>>> print(open('final.csv').read())   # CSV, C-alpha atoms and all ligand atoms
chain,number,residue,atom,x,y,z
A,118,MET,CA,-36.3,-37.5,5.8
A,119,ARG,CA,-39.8,-37.6,4.3
A,120,GLN,CA,-39.0,-35.7,1.1
A,121,ALA,CA,-42.4,-36.6,-0.2
A,122,GLY,CA,-45.3,-36.5,2.3
A,123,ARG,CA,-48.5,-34.8,3.4
A,124,TYR,CA,-47.0,-31.3,3.3
A,125,LEU,CA,-46.7,-31.4,-0.5
A,126,PRO,CA,-50.0,-30.5,-2.3
A,127,GLU,CA,-49.3,-32.8,-5.2
A,128,TYR,CA,-48.7,-35.7,-2.8
A,129,ARG,CA,-52.0,-35.0,-1.1
A,130,ALA,CA,-53.8,-35.0,-4.4
A,131,LEU,CA,-52.3,-38.4,-5.3
A,132,ARG,CA,-53.1,-39.8,-1.9
A,133,SER,CA,-56.7,-38.7,-2.2
A,134,ARG,CA,-57.0,-41.3,-5.0
A,135,LEU,CA,-54.6,-44.0,-3.7
A,136,GLY,CA,-54.0,-45.4,-0.2
A,137,LEU,CA,-50.4,-45.3,1.1
A,138,LEU,CA,-49.9,-49.0,0.4
A,139,GLU,CA,-51.5,-48.7,-3.1
A,140,LEU,CA,-49.2,-45.8,-3.8
A,141,CYS,CA,-46.1,-47.8,-2.8
A,142,LYS,CA,-47.3,-50.7,-4.9
A,143,THR,CA,-47.8,-48.6,-8.0
A,144,PRO,CA,-44.2,-48.1,-9.2
A,145,GLU,CA,-45.1,-45.4,-11.7
A,146,ALA,CA,-46.7,-43.3,-8.9
A,147,ALA,CA,-44.0,-44.0,-6.4
A,148,ALA,CA,-41.3,-43.0,-8.9
A,149,GLN,CA,-43.4,-39.9,-9.8
A,150,VAL,CA,-43.6,-38.8,-6.1
A,151,THR,CA,-39.9,-39.4,-5.6
A,152,VAL,CA,-39.0,-37.2,-8.6
A,153,LEU,CA,-41.6,-34.5,-7.8
A,154,ALA,CA,-40.1,-34.0,-4.3
A,155,VAL,CA,-36.6,-33.5,-5.8
A,156,GLU,CA,-37.8,-31.0,-8.4
A,157,LYS,CA,-40.0,-29.0,-6.0
A,158,LEU,CA,-37.5,-28.9,-3.2
A,159,GLY,CA,-34.2,-28.7,-5.1
A,160,VAL,CA,-32.5,-31.3,-2.8
A,161,ASP,CA,-29.2,-33.0,-3.8
A,162,ALA,CA,-30.4,-36.6,-3.5
A,163,ALA,CA,-33.7,-38.4,-4.0
A,164,ILE,CA,-35.1,-41.0,-1.6
A,165,ILE,CA,-37.3,-43.7,-3.1
A,166,PHE,CA,-41.0,-43.4,-2.1
A,167,ALA,CA,-41.7,-46.5,0.0
A,168,ASP,CA,-42.2,-47.3,3.8
A,169,ILE,CA,-40.1,-49.2,6.3
A,170,LEU,CA,-43.1,-51.4,7.1
A,171,LEU,CA,-43.6,-52.7,3.5
A,172,LEU,CA,-41.8,-55.9,4.4
A,173,ALA,CA,-44.2,-56.6,7.2
A,174,GLU,CA,-47.0,-57.3,4.7
A,175,PRO,CA,-45.6,-60.4,3.1
A,176,LEU,CA,-44.9,-61.7,6.6
A,177,GLY,CA,-48.7,-62.0,6.9
A,178,VAL,CA,-49.1,-59.9,10.0
A,179,GLY,CA,-51.8,-57.6,8.6
A,180,LEU,CA,-50.3,-54.2,7.9
A,181,ALA,CA,-52.7,-51.2,7.7
A,182,PHE,CA,-52.2,-47.4,7.6
A,183,HIS,CA,-55.1,-45.6,9.2
A,184,ARG,CA,-55.4,-41.9,8.7
A,185,GLY,CA,-53.9,-39.9,11.6
A,186,GLU,CA,-52.9,-42.8,13.8
A,187,GLY,CA,-49.8,-44.3,12.1
A,188,PRO,CA,-49.2,-47.8,11.1
A,189,ARG,CA,-51.1,-50.8,12.5
A,190,ILE,CA,-50.1,-54.5,12.6
A,191,LEU,CA,-53.3,-56.4,13.0
A,192,ARG,CA,-51.7,-59.7,14.1
A,193,PRO,CA,-48.7,-58.8,16.4
A,194,VAL,CA,-45.9,-61.3,16.8
A,195,ARG,CA,-45.0,-61.9,20.5
A,196,THR,CA,-44.4,-65.5,21.1
A,197,ARG,CA,-41.9,-68.1,19.9
A,198,GLU,CA,-44.8,-69.9,18.1
A,199,GLU,CA,-45.8,-66.7,16.3
A,200,VAL,CA,-42.3,-66.0,15.2
A,201,ALA,CA,-41.9,-69.6,14.0
A,202,ARG,CA,-45.1,-69.3,12.0
A,203,LEU,CA,-43.9,-66.3,9.9
A,204,PRO,CA,-43.7,-67.5,6.3
A,205,ALA,CA,-40.5,-67.5,4.3
A,206,VAL,CA,-40.4,-64.3,2.2
A,207,ASP,CA,-38.4,-63.6,-0.9
A,208,PRO,CA,-38.1,-59.9,-1.3
A,209,GLN,CA,-37.4,-60.5,-5.0
A,210,ASP,CA,-41.1,-61.5,-5.4
A,211,ALA,CA,-42.8,-59.9,-2.5
A,212,LEU,CA,-41.3,-56.4,-2.8
A,213,ALA,CA,-40.6,-56.4,-6.6
A,214,PHE,CA,-42.7,-53.2,-6.8
A,215,VAL,CA,-40.1,-51.3,-4.9
A,216,PHE,CA,-37.4,-52.5,-7.2
A,217,ASP,CA,-39.5,-51.5,-10.2
A,218,ALA,CA,-40.1,-48.0,-8.6
A,219,ILE,CA,-36.3,-47.6,-8.2
A,220,ARG,CA,-35.6,-48.5,-11.8
A,221,LEU,CA,-38.3,-46.0,-13.0
A,222,ALA,CA,-37.1,-43.3,-10.6
A,223,ARG,CA,-33.5,-43.7,-11.8
A,224,ARG,CA,-34.6,-43.3,-15.4
A,225,ALA,CA,-36.7,-40.3,-14.6
A,226,LEU,CA,-33.9,-38.6,-12.6
A,227,GLY,CA,-31.6,-39.1,-15.5
A,228,GLY,CA,-28.5,-38.7,-13.3
A,229,ARG,CA,-29.4,-35.3,-12.0
A,230,VAL,CA,-29.1,-36.5,-8.4
A,231,PRO,CA,-28.4,-39.8,-6.9
A,232,LEU,CA,-31.2,-42.1,-5.6
A,233,ILE,CA,-31.2,-43.4,-2.0
A,234,GLY,CA,-32.9,-46.7,-1.1
A,235,PHE,CA,-33.9,-47.5,2.4
A,236,ALA,CA,-35.2,-50.1,4.9
A,237,GLY,CA,-36.1,-50.0,8.6
A,238,GLY,CA,-33.6,-51.1,11.1
A,239,PRO,CA,-34.3,-54.5,12.7
A,240,PHE,CA,-35.2,-53.1,16.1
A,241,THR,CA,-37.6,-50.5,14.7
A,242,VAL,CA,-39.4,-53.0,12.5
A,243,ALA,CA,-39.5,-55.6,15.3
A,244,SER,CA,-41.0,-53.0,17.6
A,245,TYR,CA,-44.0,-52.5,15.2
A,246,LEU,CA,-44.4,-56.2,14.8
A,247,ILE,CA,-44.5,-56.8,18.6
A,248,GLU,CA,-46.4,-53.7,19.7
A,249,GLY,CA,-48.9,-53.8,16.9
A,250,GLY,CA,-48.4,-50.1,16.2
A,251,PRO,CA,-46.7,-47.0,17.4
A,252,SER,CA,-45.5,-47.0,21.1
A,253,ARG,CA,-44.2,-44.5,23.6
A,254,ASP,CA,-42.3,-46.9,25.9
A,255,PHE,CA,-41.8,-50.1,23.8
A,256,LEU,CA,-42.6,-52.2,26.9
A,257,ARG,CA,-43.9,-55.2,25.0
A,258,THR,CA,-40.8,-55.1,22.8
A,259,LYS,CA,-38.5,-54.8,25.8
A,260,LYS,CA,-40.4,-57.6,27.6
A,261,VAL,CA,-39.7,-60.1,24.7
A,262,MET,CA,-36.1,-58.8,24.5
A,263,TYR,CA,-35.3,-59.2,28.2
A,264,SER,CA,-37.4,-62.2,29.2
A,265,ASP,CA,-37.5,-64.3,26.1
A,266,PRO,CA,-34.1,-63.8,24.4
A,267,GLU,CA,-34.5,-66.9,22.2
A,268,THR,CA,-37.7,-65.5,20.6
A,269,TRP,CA,-36.0,-62.1,20.3
A,270,ASP,CA,-33.1,-63.7,18.5
A,271,ALA,CA,-35.3,-65.7,16.2
A,272,LEU,CA,-37.3,-62.6,15.2
A,273,MET,CA,-34.3,-60.3,14.8
A,274,THR,CA,-32.4,-62.9,12.8
A,275,ARG,CA,-35.3,-63.3,10.4
A,276,LEU,CA,-35.7,-59.5,10.0
A,277,ALA,CA,-31.9,-59.0,9.6
A,278,ASP,CA,-31.7,-61.6,6.8
A,279,LEU,CA,-34.8,-60.3,5.1
A,280,THR,CA,-33.6,-56.7,5.4
A,281,ALA,CA,-30.2,-57.5,4.0
A,282,ARG,CA,-31.7,-59.2,0.9
A,283,TYR,CA,-34.2,-56.3,0.5
A,284,LEU,CA,-31.5,-53.7,0.5
A,285,ALA,CA,-29.2,-55.8,-1.7
A,286,GLY,CA,-32.2,-56.0,-4.2
A,287,GLN,CA,-32.6,-52.2,-4.0
A,288,ILE,CA,-29.0,-51.7,-4.8
A,289,ALA,CA,-29.1,-54.2,-7.7
A,290,SER,CA,-32.1,-52.2,-9.0
A,291,GLY,CA,-30.2,-49.0,-9.0
A,292,ALA,CA,-30.2,-47.4,-5.5
A,293,GLU,CA,-26.9,-45.6,-5.2
A,294,ALA,CA,-26.8,-45.3,-1.4
A,295,VAL,CA,-29.0,-46.8,1.3
A,296,GLN,CA,-30.3,-45.5,4.5
A,297,LEU,CA,-31.2,-47.8,7.5
A,298,PHE,CA,-33.9,-46.1,9.6
A,299,ASP,CA,-33.6,-47.6,13.1
A,300,SER,CA,-35.8,-44.7,14.3
A,301,TRP,CA,-36.8,-45.9,17.7
A,302,ILE,CA,-33.5,-47.3,19.2
A,303,GLY,CA,-33.2,-44.3,21.4
A,304,CYS,CA,-35.5,-46.1,24.0
A,305,LEU,CA,-32.7,-48.5,24.7
A,306,SER,CA,-29.8,-48.4,27.2
A,307,PRO,CA,-26.3,-48.6,25.5
A,308,HIS,CA,-25.9,-52.0,27.1
A,309,ALA,CA,-29.2,-53.3,25.7
A,310,TYR,CA,-28.4,-51.8,22.3
A,311,ARG,CA,-25.1,-53.5,22.1
A,312,ARG,CA,-26.4,-56.9,23.2
A,313,PHE,CA,-29.9,-57.0,21.5
A,314,VAL,CA,-29.6,-54.8,18.4
A,315,LEU,CA,-26.0,-54.2,17.3
A,316,PRO,CA,-25.3,-57.8,16.2
A,317,TYR,CA,-28.3,-57.9,13.9
A,318,THR,CA,-27.7,-54.4,12.4
A,319,ARG,CA,-24.1,-55.5,11.8
A,320,ARG,CA,-25.4,-58.6,10.0
A,321,VAL,CA,-27.6,-56.5,7.7
A,322,LEU,CA,-24.9,-54.0,6.9
A,323,ALA,CA,-22.0,-56.5,6.6
A,324,ALA,CA,-24.1,-58.3,3.9
A,325,LEU,CA,-24.2,-55.2,1.6
A,326,PRO,CA,-21.7,-54.5,-1.2
A,327,PRO,CA,-18.8,-52.4,0.3
A,328,ASP,CA,-18.9,-49.7,-2.4
A,329,VAL,CA,-22.4,-48.4,-1.7
A,330,PRO,CA,-22.6,-45.8,1.0
A,331,VAL,CA,-24.8,-46.6,4.0
A,332,ILE,CA,-26.5,-44.0,6.2
A,333,HIS,CA,-27.4,-45.4,9.6
A,334,PHE,CA,-30.1,-43.3,11.3
A,335,GLY,CA,-31.8,-43.2,14.7
A,336,THR,CA,-33.5,-40.7,17.0
A,337,GLY,CA,-32.8,-40.1,20.7
A,338,THR,CA,-29.4,-41.7,20.1
A,339,ALA,CA,-27.2,-39.3,22.2
A,340,GLY,CA,-26.3,-42.3,24.4
A,341,LEU,CA,-25.8,-44.7,21.6
A,342,LEU,CA,-23.7,-42.9,19.0
A,343,GLU,CA,-20.5,-45.0,19.4
A,344,ALA,CA,-22.5,-48.2,19.5
A,345,MET,CA,-24.3,-47.2,16.3
A,346,ARG,CA,-21.0,-46.5,14.6
A,347,ASP,CA,-19.7,-49.9,15.7
A,348,ALA,CA,-22.8,-51.5,14.2
A,349,GLY,CA,-21.9,-50.1,10.8
A,350,GLY,CA,-22.6,-47.4,8.3
A,351,ASP,CA,-20.5,-44.8,6.5
A,352,VAL,CA,-22.7,-42.0,7.7
A,353,ILE,CA,-24.3,-41.6,11.1
A,354,GLY,CA,-27.6,-39.8,11.0
A,355,LEU,CA,-28.1,-37.4,14.0
A,356,ASP,CA,-31.3,-36.0,15.4
A,357,TRP,CA,-31.4,-32.4,16.7
A,358,ARG,CA,-31.0,-33.4,20.4
A,359,VAL,CA,-27.2,-33.5,20.0
A,360,GLU,CA,-24.8,-30.8,19.0
A,361,LEU,CA,-23.4,-31.8,15.6
A,362,GLY,CA,-19.8,-30.8,16.3
A,363,ALA,CA,-19.6,-32.6,19.6
A,364,ALA,CA,-21.4,-35.7,18.2
A,365,TRP,CA,-18.9,-35.9,15.3
A,366,GLN,CA,-16.0,-35.5,17.7
A,367,ARG,CA,-17.3,-38.6,19.6
A,368,LEU,CA,-17.8,-40.5,16.4
A,369,GLY,CA,-14.3,-39.7,15.0
A,370,ASP,CA,-13.4,-38.7,11.5
A,371,ARG,CA,-13.7,-42.1,9.8
A,372,VAL,CA,-17.5,-41.6,9.5
A,373,ALA,CA,-19.5,-38.9,7.9
A,374,VAL,CA,-22.5,-37.3,9.7
A,375,GLN,CA,-25.9,-36.4,8.5
A,376,GLY,CA,-28.2,-33.8,10.2
A,377,ASN,CA,-29.4,-32.3,12.2
A,378,LEU,CA,-32.0,-29.4,12.1
A,379,ASP,CA,-35.0,-29.8,14.3
A,380,PRO,CA,-38.0,-30.2,11.9
A,381,ALA,CA,-40.0,-27.9,14.2
A,382,VAL,CA,-37.7,-25.0,13.2
A,383,LEU,CA,-39.4,-25.1,9.8
A,384,LEU,CA,-42.5,-23.8,11.5
A,385,ALA,CA,-40.7,-20.6,12.4
A,386,PRO,CA,-40.3,-17.4,10.4
A,387,PRO,CA,-37.7,-17.5,7.5
A,388,GLU,CA,-35.0,-15.6,9.4
A,389,GLU,CA,-35.1,-18.1,12.3
A,390,ILE,CA,-34.9,-21.0,9.8
A,391,ARG,CA,-31.8,-19.5,8.2
A,392,ALA,CA,-30.2,-19.0,11.6
A,393,GLY,CA,-30.9,-22.6,12.4
A,394,VAL,CA,-29.3,-23.7,9.1
A,395,ARG,CA,-26.3,-21.5,9.7
A,396,ALA,CA,-25.7,-22.8,13.2
A,397,ILE,CA,-25.5,-26.4,11.9
A,398,LEU,CA,-23.2,-25.5,9.0
A,399,GLU,CA,-20.9,-23.7,11.5
A,400,ALA,CA,-20.9,-26.7,13.7
A,401,ALA,CA,-19.8,-28.8,10.7
A,402,GLY,CA,-17.1,-26.2,10.1
A,403,GLY,CA,-16.8,-27.0,6.4
A,404,ARG,CA,-15.2,-30.4,7.1
A,405,PRO,CA,-15.8,-33.0,4.4
A,406,GLY,CA,-18.4,-35.6,5.2
A,407,HIS,CA,-21.3,-33.5,6.4
A,408,ILE,CA,-24.7,-34.2,4.7
A,409,PHE,CA,-27.1,-31.4,5.7
A,410,ASN,CA,-30.5,-32.8,6.7
A,411,LEU,CA,-33.3,-32.5,9.2
A,412,GLY,CA,-32.9,-34.4,12.4
A,413,HIS,CA,-36.1,-36.3,11.6
A,414,GLY,CA,-38.9,-36.2,9.1
A,415,VAL,CA,-40.7,-33.1,7.8
A,416,LEU,CA,-43.7,-32.5,10.0
A,417,PRO,CA,-47.1,-32.7,8.1
A,418,MET,CA,-48.1,-29.1,9.0
A,419,THR,CA,-44.9,-27.6,7.5
A,420,PRO,CA,-45.5,-25.2,4.5
A,421,TRP,CA,-43.6,-26.8,1.7
A,422,GLU,CA,-42.0,-23.5,0.8
A,423,ARG,CA,-40.1,-23.6,4.1
A,424,VAL,CA,-38.5,-26.9,3.1
A,425,ARG,CA,-37.4,-25.2,-0.1
A,426,LEU,CA,-36.1,-22.3,1.9
A,427,VAL,CA,-33.9,-24.6,4.0
A,428,VAL,CA,-32.5,-26.2,0.8
A,429,ASP,CA,-31.8,-22.9,-0.7
A,430,ALA,CA,-30.2,-21.6,2.5
A,431,VAL,CA,-27.9,-24.6,2.7
A,432,HIS,CA,-26.8,-24.1,-0.9
A,433,GLU,CA,-26.2,-20.4,-0.4
A,434,LEU,CA,-24.5,-20.6,3.0
A,435,SER,CA,-22.3,-23.6,2.2
A,436,GLN,CA,-21.0,-22.2,-1.1
A,437,ARG,CA,-17.2,-22.1,-1.2
B,1,LIG,O1,-39.0,-39.4,2.3
B,1,LIG,C1,-39.7,-40.0,1.5
B,1,LIG,O2,-40.3,-39.4,0.6
B,1,LIG,C2,-39.7,-41.5,1.5
B,1,LIG,C3,-40.9,-42.1,2.0
B,1,LIG,C4,-40.9,-42.6,3.4
B,1,LIG,C5,-42.1,-43.0,4.0
B,1,LIG,N1,-41.9,-43.6,5.2
B,1,LIG,C6,-43.5,-42.8,3.4
B,1,LIG,C7,-44.6,-42.5,4.4
B,1,LIG,C8,-39.9,-42.9,4.3
B,1,LIG,C9,-38.4,-42.7,4.2
B,1,LIG,C10,-40.5,-43.6,5.4
B,1,LIG,C11,-39.8,-44.2,6.6
B,1,LIG,C12,-40.5,-44.6,7.8
B,1,LIG,N2,-41.8,-45.1,7.9
B,1,LIG,C13,-40.0,-44.6,9.1
B,1,LIG,C14,-38.5,-44.2,9.4
B,1,LIG,C15,-38.3,-42.7,9.4
B,1,LIG,C16,-39.0,-42.1,10.6
B,1,LIG,O3,-39.9,-41.3,10.3
B,1,LIG,O4,-38.5,-42.3,11.7
B,1,LIG,C17,-40.9,-45.0,10.0
B,1,LIG,C18,-40.8,-45.2,11.5
B,1,LIG,C19,-42.1,-45.4,9.2
B,1,LIG,C20,-43.4,-46.0,9.6
B,1,LIG,C21,-44.5,-45.0,9.4
B,1,LIG,N3,-45.0,-44.9,8.1
B,1,LIG,C22,-45.1,-44.2,10.3
B,1,LIG,C23,-44.8,-44.0,11.7
B,1,LIG,C24,-46.1,-43.5,9.5
B,1,LIG,C25,-47.2,-42.6,10.0
B,1,LIG,C26,-46.6,-41.2,10.3
B,1,LIG,C27,-47.7,-40.2,10.3
B,1,LIG,O5,-47.3,-39.1,10.3
B,1,LIG,O6,-48.9,-40.5,10.4
B,1,LIG,C28,-46.0,-43.9,8.2
B,1,LIG,C29,-46.9,-43.4,7.1
B,1,LIG,C30,-46.1,-42.8,6.0
B,1,LIG,N4,-45.1,-43.3,5.3
B,1,LIG,C31,-46.3,-41.4,5.5
B,1,LIG,C32,-45.4,-41.3,4.4
B,1,LIG,C33,-45.2,-40.1,3.5
B,1,LIG,C34,-47.3,-40.5,6.0
B,1,LIG,C35,-48.2,-39.9,5.0
B,1,LIG,C36,-49.3,-40.7,4.4
B,1,LIG,O7,-50.0,-41.4,5.1
B,1,LIG,O8,-49.5,-40.6,3.2
>>> encode(input="final.csv", output="structure tokens", more="lines below")
Ligand code: CP3
Amino acid sequence: MRQAGRYLPEYRALRSRLGLLELCKTPEAAAQVTVLAVEKLGVDAAIIFADILLLAEPLGVGLAFHRGEGPRILRPVRTREEVARLPAVDPQDALAFVFDAIRLARRALGGRVPLIGFAGGPFTVASYLIEGGPSRDFLRTKKVMYSDPETWDALMTRLADLTARYLAGQIASGAEAVQLFDSWIGCLSPHAYRRFVLPYTRRVLAALPPDVPVIHFGTGTAGLLEAMRDAGGDVIGLDWRVELGAAWQRLGDRVAVQGNLDPAVLLAPPEEIRAGVRAILEAAGGRPGHIFNLGHGVLPMTPWERVRLVVDAVHELSQR
């Protein structure tokens, strides 16, 4: 959940020299940031430094990151013709730099902690391609979904296949688990999720080797948990808007859960942070299959020492 990012001084120093895309495309630097976050924070797993939108670039839609406004897609994809014109992409060529970063990060980690690969969920990536950037209500996306289901199906099928091959490539390069970030599915009704998203997510996850754990994450998913579980994943990532114990009860004990501290709690004084950590560990009740995490990414204004404090508190309070 944004292990590396603007809250780390070393990351900011690197970013003052390299753009975000450049950083992602320089495997040595991406691996270095990945390992730096692990060493500085003391976490139990590393996540490769990349972005869910990297696969948009070879699709030729004009991906750009502008400071302070989030990602932009310069040539959004909204019509059947625009979907049909998307070029064929082989992640093995187009995203080889991510695979190289994974190999380098594995070597640098030397088995100290496992390395997680990741990709965006098909809905979340489609939403950026259609909206052209971040959105509050995803109305352009929903308009395509509801009023032009053939175009929606064509786009989601393309993204699902590309994502499956991208994640398989990450696993072949050394990722020991993968996380699917379908961050914005919380804008959907359960019915719409099951009809317009679940089949494509299932297609991505069903294509992966069965022995590699998959974490399936979204935010605002209180109404979607069972549907997310049915789409696939060994672990369901929870945001902070649900009570972890109750959410796990709904999901059943055949899946693990990840979460779910509100990242904003890290802006509070240390005692409040420890209390937040403790409450989540108590909700998990020591059952096997809980991965402690934040409910979403670390906020840019978080002092990095507070992230370390969370990690240390989890280690201390969950000791048996
Ligand atoms: O945790 C890690 O160290 C891995 C790196 C990582 C990044 N993006 C790098 C990044 C991960 C796991 C992501 C995932 C990602 N990217 C998601 C899914 C997770 C989530 O947050 O819901 C999404 C939706 C994106 C798309 C994206 N990339 C957005 C919305 C932004 C802008 C956010 C902002 O705060 O401005 C980015 C840029 C981005 N990707 C940053 C980082 C560290 C911001 C810092 C920078 O510009 O250098």
>>> residues_around(input="final.csv", residues="range 195-211 of chain A", least_positions_apart="4", cutoff="12 Å", atoms="only C-alpha atoms", output="NGL selection string")
:A and (142 or 171-179 or 190 or 215-217 or 236 or 243-249 or 256-262 or 264-276 or 278-287 or 289-290)
>>> closest_residue(input="final.csv", among="A:Glu186, A:Glu399, A:Asp370, A:Asp351", to="ligand LIG 1 (chain B)", atoms="all atoms listed in the file")
A:Glu186
>>> closest_atom_pairs(input="final.csv", of="chain A", to="ligand LIG 1 (chain B)", cutoff="6 Å", atoms="all atoms listed in the file", output="Markdown table")
| residue | atom | partner | partner_atom | distance |
| --- | --- | --- | --- | --- |
| A:Met118 | CA | B:LIG1 | O1 | 4.8 |
| A:Arg119 | CA | B:LIG1 | O1 | 2.8 |
| A:Gln120 | CA | B:LIG1 | O1 | 3.9 |
| A:Ala121 | CA | B:LIG1 | O2 | 3.6 |
| A:Gly122 | CA | B:LIG1 | C33 | 3.8 |
| A:Arg123 | CA | B:LIG1 | C35 | 5.4 |
| A:Leu137 | CA | B:LIG1 | O8 | 5.2 |
| A:Ile164 | CA | B:LIG1 | C2 | 5.6 |
| A:Ile165 | CA | B:LIG1 | C2 | 5.6 |
| A:Phe166 | CA | B:LIG1 | C2 | 4.3 |
| A:Ala167 | CA | B:LIG1 | C3 | 4.9 |
| A:Asp168 | CA | B:LIG1 | N1 | 4.0 |
| A:Ile169 | CA | B:LIG1 | N2 | 4.7 |
| A:Leu170 | CA | B:LIG1 | C20 | 6.0 |
| A:Gly185 | CA | B:LIG1 | O6 | 5.2 |
| A:Glu186 | CA | B:LIG1 | O6 | 5.7 |
| A:Gly187 | CA | B:LIG1 | C25 | 3.7 |
| A:Pro188 | CA | B:LIG1 | C22 | 5.5 |
| A:Phe298 | CA | B:LIG1 | C14 | 5.0 |
| A:Ser300 | CA | B:LIG1 | O4 | 4.5 |
| A:Gly414 | CA | B:LIG1 | O3 | 5.3 |
>>> write_last_selection(input="final.csv", atoms="C-alpha atoms", output="mmCIF file, in the coordinates of the input")
data_model
loop_
_atom_site.group_PDB
_atom_site.id
_atom_site.type_symbol
_atom_site.label_atom_id
_atom_site.label_comp_id
_atom_site.auth_asym_id
_atom_site.auth_seq_id
_atom_site.Cartn_x
_atom_site.Cartn_y
_atom_site.Cartn_z
ATOM 1 C CA MET A 118 -36.300 -37.500 5.800
ATOM 2 C CA ARG A 119 -39.800 -37.600 4.300
ATOM 3 C CA GLN A 120 -39.000 -35.700 1.100
ATOM 4 C CA ALA A 121 -42.400 -36.600 -0.200
ATOM 5 C CA GLY A 122 -45.300 -36.500 2.300
ATOM 6 C CA ARG A 123 -48.500 -34.800 3.400
ATOM 7 C CA LEU A 137 -50.400 -45.300 1.100
ATOM 8 C CA ILE A 164 -35.100 -41.000 -1.600
ATOM 9 C CA ILE A 165 -37.300 -43.700 -3.100
ATOM 10 C CA PHE A 166 -41.000 -43.400 -2.100
ATOM 11 C CA ALA A 167 -41.700 -46.500 0.000
ATOM 12 C CA ASP A 168 -42.200 -47.300 3.800
ATOM 13 C CA ILE A 169 -40.100 -49.200 6.300
ATOM 14 C CA LEU A 170 -43.100 -51.400 7.100
ATOM 15 C CA GLY A 185 -53.900 -39.900 11.600
ATOM 16 C CA GLU A 186 -52.900 -42.800 13.800
ATOM 17 C CA GLY A 187 -49.800 -44.300 12.100
ATOM 18 C CA PRO A 188 -49.200 -47.800 11.100
ATOM 19 C CA PHE A 298 -33.900 -46.100 9.600
ATOM 20 C CA SER A 300 -35.800 -44.700 14.300
ATOM 21 C CA GLY A 414 -38.900 -36.200 9.100
#
>>> atom_distance(input="final.csv", atom1="CA of Val427 in chain A", atom2="CA of Ala222 in chain A")
23.9 Å
>>> atom_distance(input="final.csv", atom1="CA of Val242 in chain A", atom2="CA of Val321 in chain A")
13.2 Å
>>> atom_distance(input="final.csv", atom1="CA of Trp357 in chain A", atom2="CA of Leu378 in chain A")
5.5 Å
>>> residues_around(input="final.csv", residues="range 420-426 of chain A", least_positions_apart="4", cutoff="7 Å", atoms="all atoms listed in the file", output="MDAnalysis selection string")
chainID A and resid 124:125 158:159 383 430
>>> decode(input="final.csv", residues="range 187-196 of chain A", atoms="N, CA, C and O atoms", output="JSON list (two decimals), in the first residue's frame")
[["chain", "number", "residue", "atom", "x", "y", "z"],
["A", 187, "GLY", "N", -2.48, 13.67, -10.18],
["A", 187, "GLY", "CA", -2.75, 12.27, -10.51],
["A", 187, "GLY", "C", -2.53, 12.00, -11.98],
["A", 187, "GLY", "O", -2.17, 12.87, -12.74],
["A", 188, "PRO", "N", -2.76, 10.74, -12.37],
["A", 188, "PRO", "CA", -2.46, 10.33, -13.75],
["A", 188, "PRO", "C", -3.42, 10.93, -14.77],
["A", 188, "PRO", "O", -4.57, 11.22, -14.46],
["A", 189, "ARG", "N", -2.91, 11.12, -15.99],
["A", 189, "ARG", "CA", -3.74, 11.59, -17.11],
["A", 189, "ARG", "C", -3.60, 10.64, -18.28],
["A", 189, "ARG", "O", -2.50, 10.15, -18.56],
["A", 190, "ILE", "N", -4.70, 10.40, -18.96],
["A", 190, "ILE", "CA", -4.69, 9.67, -20.23],
["A", 190, "ILE", "C", -5.06, 10.70, -21.29],
["A", 190, "ILE", "O", -6.18, 11.24, -21.27],
["A", 191, "LEU", "N", -4.12, 11.02, -22.17],
["A", 191, "LEU", "CA", -4.34, 12.14, -23.09],
["A", 191, "LEU", "C", -5.34, 11.82, -24.20],
["A", 191, "LEU", "O", -6.01, 12.71, -24.70],
["A", 192, "ARG", "N", -5.43, 10.52, -24.57],
["A", 192, "ARG", "CA", -6.38, 10.14, -25.63],
["A", 192, "ARG", "C", -7.31, 9.06, -25.09],
["A", 192, "ARG", "O", -7.10, 7.87, -25.32],
["A", 193, "PRO", "N", -8.34, 9.48, -24.35],
["A", 193, "PRO", "CA", -9.24, 8.51, -23.71],
["A", 193, "PRO", "C", -9.92, 7.58, -24.74],
["A", 193, "PRO", "O", -10.03, 7.93, -25.91],
["A", 194, "VAL", "N", -10.36, 6.43, -24.24],
["A", 194, "VAL", "CA", -10.94, 5.39, -25.10],
["A", 194, "VAL", "C", -12.40, 5.24, -24.71],
["A", 194, "VAL", "O", -12.70, 4.78, -23.60],
["A", 195, "ARG", "N", -13.32, 5.67, -25.59],
["A", 195, "ARG", "CA", -14.74, 5.69, -25.20],
["A", 195, "ARG", "C", -15.67, 5.04, -26.19],
["A", 195, "ARG", "O", -16.83, 4.79, -25.88],
["A", 196, "THR", "N", -15.21, 4.83, -27.41],
["A", 196, "THR", "CA", -16.11, 4.29, -28.43],
["A", 196, "THR", "C", -15.61, 2.93, -28.91],
["A", 196, "THR", "O", -14.46, 2.56, -28.68]]
